[in-house]
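Here's the structure we're looking at; comments come further down.
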Amino acid sequence: MPYPYNGLEPFIDERTMRIHHDKHYGTYVDNLNKYLETKPELQELTLEELLTKHVADTEIRHNAGGVYNHQNYFGGMRLGTSQIAIGLSGKLLQTITRDFGSIQGLKEQFFKSASEVFGSGYAWLCAFSNGRLCVITTANQDTPLVLGLKPLLCIDVWEHAYYLKHQNMRAEYIDAFWNVINWVRVSERLG
Ligand code: MN
């Protein structure tokens with residue numbers, strides 16, 4: 001993680017981050033590595049290659065998906081600050097404005113999608129190959145890669161991502177997450 005466990009306070013709490021990163025994410029890393037020990041022919045592939053070419057393999061789908069999605073999630077956040085739109089400029093800002101009308105338009109769509117994920121999963125901001133942006137949801141540890149989309153940002157809405165602090169109030173967590181988005185990173189991912 002590019003910040004300390006308490007770096008997202010007060011928006012995302014330290015205890016949640018420690019358990020989420022070290023236990024939940026760590027387990028996906030361990031399980032993926034254990035599985036790849038039995039599959040030498042897959043060891044040279046990137047996560048993206050595993051998740052497109054070998055996604056029919058349930059071990060890959062679950063564990064490589066869990067690693068990939070958590071890397072996108074943890075990497076898409078930055079130190080907590082009240083300056084919500086820090087780093088949001090240039091091409092990314094223009095593209096969001098073109099495709100959602102405004103930052104507020106994106107936030108509303110992202111919030112709605114993240115709220116509506118039934119059970120465990122993620123909401124994503126993605127780009128089509130033509131550069132147009134969209135918001136989608138995925139279940140469990142599925143990724144947008146199988147849809148041919150470029151993932152720019154995700155929010156993990158598995159209960160482990162927010163239950164300690166927010167219990168059943170997922171909406172509070174989505175609002176808090178919006179404060180710690182690393183728009184510079186999102187911009188780099190858009191390219
Ligand atoms: Mn998670």
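Identifiers for the structure tokens are assigned positionally: chains receive A, B, ... in sequence, residues are indexed from 1 per chain, and ligands are indexed from 1 in the order shown.
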
What are the closest atom pairs, with distances in Å to one decimal, for all residues of chain A lying within 10 Å of ligand 1? Consider only C-alpha atoms and all ligand atoms, order rows by chain and residue number, and present the result as JSON lines.
{"residue": "A:Met17", "atom": "CA", "partner": "ligand 1", "partner_atom_place_in_ligand_line": "1 (Mn)", "distance": 9.7}
{"residue": "A:Ile19", "atom": "CA", "partner": "ligand 1", "partner_atom_place_in_ligand_line": "1 (Mn)", "distance": 9.5}
{"residue": "A:His20", "atom": "CA", "partner": "ligand 1", "partner_atom_place_in_ligand_line": "1 (Mn)", "distance": 6.0}
{"residue": "A:His21", "atom": "CA", "partner": "ligand 1", "partner_atom_place_in_ligand_line": "1 (Mn)", "distance": 7.8}
{"residue": "A:Lys23", "atom": "CA", "partner": "ligand 1", "partner_atom_place_in_ligand_line": "1 (Mn)", "distance": 9.5}
{"residue": "A:His24", "atom": "CA", "partner": "ligand 1", "partner_atom_place_in_ligand_line": "1 (Mn)", "distance": 6.2}
{"residue": "A:Tyr25", "atom": "CA", "partner": "ligand 1", "partner_atom_place_in_ligand_line": "1 (Mn)", "distance": 6.5}
{"residue": "A:Tyr28", "atom": "CA", "partner": "ligand 1", "partner_atom_place_in_ligand_line": "1 (Mn)", "distance": 9.8}
{"residue": "A:Gly66", "atom": "CA", "partner": "ligand 1", "partner_atom_place_in_ligand_line": "1 (Mn)", "distance": 7.7}
{"residue": "A:Val67", "atom": "CA", "partner": "ligand 1", "partner_atom_place_in_ligand_line": "1 (Mn)", "distance": 9.4}
{"residue": "A:Asn69", "atom": "CA", "partner": "ligand 1", "partner_atom_place_in_ligand_line": "1 (Mn)", "distance": 8.0}
{"residue": "A:His70", "atom": "CA", "partner": "ligand 1", "partner_atom_place_in_ligand_line": "1 (Mn)", "distance": 6.2}
{"residue": "A:Gln71", "atom": "CA", "partner": "ligand 1", "partner_atom_place_in_ligand_line": "1 (Mn)", "distance": 9.8}
{"residue": "A:Tyr73", "atom": "CA", "partner": "ligand 1", "partner_atom_place_in_ligand_line": "1 (Mn)", "distance": 8.3}
{"residue": "A:Phe74", "atom": "CA", "partner": "ligand 1", "partner_atom_place_in_ligand_line": "1 (Mn)", "distance": 9.3}
{"residue": "A:Ser120", "atom": "CA", "partner": "ligand 1", "partner_atom_place_in_ligand_line": "1 (Mn)", "distance": 9.1}
{"residue": "A:Gly121", "atom": "CA", "partner": "ligand 1", "partner_atom_place_in_ligand_line": "1 (Mn)", "distance": 8.6}
{"residue": "A:Tyr122", "atom": "CA", "partner": "ligand 1", "partner_atom_place_in_ligand_line": "1 (Mn)", "distance": 9.0}
{"residue": "A:Asn140", "atom": "CA", "partner": "ligand 1", "partner_atom_place_in_ligand_line": "1 (Mn)", "distance": 9.5}
{"residue": "A:Gln141", "atom": "CA", "partner": "ligand 1", "partner_atom_place_in_ligand_line": "1 (Mn)", "distance": 9.0}
{"residue": "A:Ile155", "atom": "CA", "partner": "ligand 1", "partner_atom_place_in_ligand_line": "1 (Mn)", "distance": 9.0}
{"residue": "A:Asp156", "atom": "CA", "partner": "ligand 1", "partner_atom_place_in_ligand_line": "1 (Mn)", "distance": 5.6}
{"residue": "A:Val157", "atom": "CA", "partner": "ligand 1", "partner_atom_place_in_ligand_line": "1 (Mn)", "distance": 7.4}
{"residue": "A:Trp158", "atom": "CA", "partner": "ligand 1", "partner_atom_place_in_ligand_line": "1 (Mn)", "distance": 5.9}
{"residue": "A:Glu159", "atom": "CA", "partner": "ligand 1", "partner_atom_place_in_ligand_line": "1 (Mn)", "distance": 8.0}
{"residue": "A:His160", "atom": "CA", "partner": "ligand 1", "partner_atom_place_in_ligand_line": "1 (Mn)", "distance": 6.2}
{"residue": "A:Ala161", "atom": "CA", "partner": "ligand 1", "partner_atom_place_in_ligand_line": "1 (Mn)", "distance": 5.5}
{"residue": "A:Tyr162", "atom": "CA", "partner": "ligand 1", "partner_atom_place_in_ligand_line": "1 (Mn)", "distance": 9.3}

Determine which residues of region 129-184 of chain A DSSP labels as strand (DSSP E) from the backbone of this structure, then write them out as a PyMOL selection string. chain A and resi 133-139+150-156

Residues from last step as file, N, CA, C and O atoms, as a PDB file, in the first residue's frame:
ATOM      1  N   LEU A 133     -16.025   6.233 -20.920  1.00  0.00           N
ATOM      2  CA  LEU A 133     -16.047   5.719 -19.545  1.00  0.00           C
ATOM      3  C   LEU A 133     -17.394   5.091 -19.215  1.00  0.00           C
ATOM      4  O   LEU A 133     -18.424   5.475 -19.772  1.00  0.00           O
ATOM      5  N   CYS A 134     -17.384   4.162 -18.278  1.00  0.00           N
ATOM      6  CA  CYS A 134     -18.630   3.571 -17.797  1.00  0.00           C
ATOM      7  C   CYS A 134     -18.452   3.162 -16.345  1.00  0.00           C
ATOM      8  O   CYS A 134     -17.334   3.000 -15.862  1.00  0.00           O
ATOM      9  N   VAL A 135     -19.564   3.010 -15.646  1.00  0.00           N
ATOM     10  CA  VAL A 135     -19.572   2.467 -14.286  1.00  0.00           C
ATOM     11  C   VAL A 135     -20.266   1.117 -14.347  1.00  0.00           C
ATOM     12  O   VAL A 135     -21.361   0.999 -14.910  1.00  0.00           O
ATOM     13  N   ILE A 136     -19.615   0.096 -13.799  1.00  0.00           N
ATOM     14  CA  ILE A 136     -20.206  -1.243 -13.795  1.00  0.00           C
ATOM     15  C   ILE A 136     -20.027  -1.863 -12.403  1.00  0.00           C
ATOM     16  O   ILE A 136     -19.298  -1.323 -11.571  1.00  0.00           O
ATOM     17  N   THR A 137     -20.667  -2.992 -12.196  1.00  0.00           N
ATOM     18  CA  THR A 137     -20.446  -3.748 -10.961  1.00  0.00           C
ATOM     19  C   THR A 137     -20.003  -5.163 -11.331  1.00  0.00           C
ATOM     20  O   THR A 137     -20.303  -5.655 -12.421  1.00  0.00           O
ATOM     21  N   THR A 138     -19.244  -5.779 -10.418  1.00  0.00           N
ATOM     22  CA  THR A 138     -18.861  -7.180 -10.597  1.00  0.00           C
ATOM     23  C   THR A 138     -19.169  -7.914  -9.298  1.00  0.00           C
ATOM     24  O   THR A 138     -19.159  -7.317  -8.218  1.00  0.00           O
ATOM     25  N   ALA A 139     -19.437  -9.208  -9.411  1.00  0.00           N
ATOM     26  CA  ALA A 139     -19.754 -10.032  -8.248  1.00  0.00           C
ATOM     27  C   ALA A 139     -18.509 -10.752  -7.755  1.00  0.00           C
ATOM     28  O   ALA A 139     -17.612 -11.087  -8.539  1.00  0.00           O
ATOM     29  N   LYS A 150     -10.995  -1.485 -19.486  1.00  0.00           N
ATOM     30  CA  LYS A 150      -9.806  -1.081 -18.737  1.00  0.00           C
ATOM     31  C   LYS A 150     -10.264  -0.563 -17.375  1.00  0.00           C
ATOM     32  O   LYS A 150     -10.949   0.457 -17.299  1.00  0.00           O
ATOM     33  N   PRO A 151      -9.901  -1.248 -16.275  1.00  0.00           N
ATOM     34  CA  PRO A 151     -10.354  -0.834 -14.939  1.00  0.00           C
ATOM     35  C   PRO A 151      -9.569   0.387 -14.440  1.00  0.00           C
ATOM     36  O   PRO A 151      -8.344   0.360 -14.395  1.00  0.00           O
ATOM     37  N   LEU A 152     -10.282   1.432 -14.063  1.00  0.00           N
ATOM     38  CA  LEU A 152      -9.620   2.667 -13.612  1.00  0.00           C
ATOM     39  C   LEU A 152      -9.689   2.841 -12.097  1.00  0.00           C
ATOM     40  O   LEU A 152      -8.773   3.407 -11.494  1.00  0.00           O
ATOM     41  N   LEU A 153     -10.770   2.375 -11.496  1.00  0.00           N
ATOM     42  CA  LEU A 153     -11.013   2.622 -10.074  1.00  0.00           C
ATOM     43  C   LEU A 153     -12.062   1.635  -9.594  1.00  0.00           C
ATOM     44  O   LEU A 153     -13.010   1.360 -10.319  1.00  0.00           O
ATOM     45  N   CYS A 154     -11.874   1.119  -8.369  1.00  0.00           N
ATOM     46  CA  CYS A 154     -12.944   0.288  -7.820  1.00  0.00           C
ATOM     47  C   CYS A 154     -13.147   0.566  -6.348  1.00  0.00           C
ATOM     48  O   CYS A 154     -12.244   1.027  -5.644  1.00  0.00           O
ATOM     49  N   ILE A 155     -14.349   0.271  -5.905  1.00  0.00           N
ATOM     50  CA  ILE A 155     -14.641   0.242  -4.471  1.00  0.00           C
ATOM     51  C   ILE A 155     -15.042  -1.187  -4.117  1.00  0.00           C
ATOM     52  O   ILE A 155     -15.881  -1.796  -4.787  1.00  0.00           O
ATOM     53  N   ASP A 156     -14.396  -1.708  -3.106  1.00  0.00           N
ATOM     54  CA  ASP A 156     -14.698  -3.033  -2.572  1.00  0.00           C
ATOM     55  C   ASP A 156     -15.918  -2.880  -1.666  1.00  0.00           C
ATOM     56  O   ASP A 156     -15.873  -2.125  -0.682  1.00  0.00           O
TER      57      ASP A 156
END

Can you pull out the residues contacting Tyr5 (chain A)? Cut-off 9 Å, using only C-alpha atoms, and skip same-chain residues under 5 positions away; I want them as a ChimeraX atom specification. /A:13-18,21

When you look at Gly87 (chain A) with a cut-off of 12 Å (counting only C-alpha atoms), what residues show up, excluding the ones that are within fewer than 3 positions of it in the same chain? I need them as a list of chain:residue names.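 Final neighbour list, sorted by chain and number: A:Met77, A:Arg78, A:Gln83, A:Ile84, A:Gly90, A:Lys91, A:Leu92, A:Leu93, A:Val180, A:Ile181, A:Asn182, A:Trp183, A:Val184, A:Arg185, A:Val186, A:Ser187, A:Glu188.
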
Written file, previous selection with N, CA, C and O atoms, as a short mmCIF file (atom, residue, chain, number, x, y, z; two decimals), in the first residue's frame:
data_model
loop_
_atom_site.label_atom_id
_atom_site.label_comp_id
_atom_site.auth_asym_id
_atom_site.auth_seq_id
_atom_site.Cartn_x
_atom_site.Cartn_y
_atom_site.Cartn_z
N MET A 77 -6.46 4.52 -3.72
CA MET A 77 -6.74 5.45 -2.61
C MET A 77 -5.45 6.16 -2.22
O MET A 77 -4.35 5.70 -2.52
N ARG A 78 -5.59 7.28 -1.53
CA ARG A 78 -4.42 8.03 -1.07
C ARG A 78 -4.74 8.66 0.28
O ARG A 78 -5.88 8.64 0.73
N GLN A 83 -9.69 17.62 0.76
CA GLN A 83 -9.69 18.15 -0.62
C GLN A 83 -10.07 17.04 -1.58
O GLN A 83 -9.22 16.32 -2.09
N ILE A 84 -11.37 16.92 -1.82
CA ILE A 84 -11.89 15.75 -2.53
C ILE A 84 -11.33 15.63 -3.94
O ILE A 84 -10.98 14.55 -4.39
N GLY A 90 -7.12 17.82 -16.20
CA GLY A 90 -6.65 17.41 -17.52
C GLY A 90 -7.61 16.48 -18.24
O GLY A 90 -8.82 16.63 -18.17
N LYS A 91 -6.99 15.49 -18.91
CA LYS A 91 -7.78 14.57 -19.75
C LYS A 91 -8.83 13.81 -18.95
O LYS A 91 -9.95 13.61 -19.41
N LEU A 92 -8.47 13.38 -17.72
CA LEU A 92 -9.42 12.62 -16.91
C LEU A 92 -10.66 13.46 -16.60
O LEU A 92 -11.79 13.00 -16.76
N LEU A 93 -10.42 14.69 -16.19
CA LEU A 93 -11.55 15.59 -15.87
C LEU A 93 -12.41 15.84 -17.11
O LEU A 93 -13.64 15.78 -17.05
N VAL A 180 -11.08 9.68 -0.45
CA VAL A 180 -9.68 9.20 -0.48
C VAL A 180 -9.31 8.62 -1.85
O VAL A 180 -8.31 7.90 -1.97
N ILE A 181 -10.08 8.93 -2.87
CA ILE A 181 -9.74 8.44 -4.21
C ILE A 181 -8.45 9.11 -4.69
O ILE A 181 -8.30 10.33 -4.59
N ASN A 182 -7.55 8.31 -5.20
CA ASN A 182 -6.29 8.82 -5.75
C ASN A 182 -6.51 9.11 -7.25
O ASN A 182 -6.28 8.26 -8.11
N TRP A 183 -6.94 10.33 -7.53
CA TRP A 183 -7.29 10.68 -8.92
C TRP A 183 -6.05 10.72 -9.82
O TRP A 183 -6.17 10.53 -11.03
N VAL A 184 -4.91 10.96 -9.22
CA VAL A 184 -3.67 10.92 -10.01
C VAL A 184 -3.46 9.50 -10.54
O VAL A 184 -3.13 9.27 -11.71
N ARG A 185 -3.66 8.52 -9.67
CA ARG A 185 -3.54 7.12 -10.08
C ARG A 185 -4.59 6.75 -11.12
O ARG A 185 -4.31 6.07 -12.12
N VAL A 186 -5.82 7.22 -10.91
CA VAL A 186 -6.89 6.93 -11.87
C VAL A 186 -6.52 7.49 -13.24
O VAL A 186 -6.70 6.85 -14.28
N SER A 187 -5.94 8.68 -13.23
CA SER A 187 -5.52 9.34 -14.46
C SER A 187 -4.42 8.54 -15.16
O SER A 187 -4.44 8.36 -16.39
N GLU A 188 -3.48 8.01 -14.39
CA GLU A 188 -2.40 7.18 -14.96
C GLU A 188 -2.99 5.90 -15.58
O GLU A 188 -2.55 5.46 -16.64
#

Which residue of A:Pro40, A:Gly65, A:Glu172, A:Tyr35 approaches Ala114 (chain A) most closely, using only C-alpha atoms: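 Using only C-alpha atoms, the shortest distance to Ala114 (chain A) belongs to A:Glu172.
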
Which value, in Å to one decimal, gives the distance between CA of Gly26 (chain A) and CA of Tyr173 (chain A)?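 So the two atoms, CA of Gly26 (chain A) and CA of Tyr173 (chain A), lie 22.2 Å apart.
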
Closest to Pro4 (chain A) among A:Thr46, A:Asn72, A:Leu79, A:Glu59, using only C-alpha atoms?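 Closest residue, counting only C-alpha atoms: A:Leu79.
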
Length of the CA of Tyr3 (chain A) to CA of Asp22 (chain A) vector [Å]: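 Straight-line distance from CA of Tyr3 (chain A) to CA of Asp22 (chain A) works out to 13.9 Å.
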
Figure out the distance between CA of Val117 (chain A) and CA of Leu149 (chain A), please, to one decimal in Å.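 Computing it gives 18.7 Å between the two atoms.
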
Residue nearest Pro2 (chain A) - candidates A:Gly131, A:Gly75, A:Gly101, A:Gly148, atoms counted: only C-alpha atoms: A:Gly75

Based on the backbone DSSP call, show me all residues of region 29-191 of chain A assigned helix (DSSP H, G or I), as a ChimeraX atom specification. /A:29-37,40-42,47-53,58-75,90-100,103-116,144-147,159-161,163-166,170-178,183-190
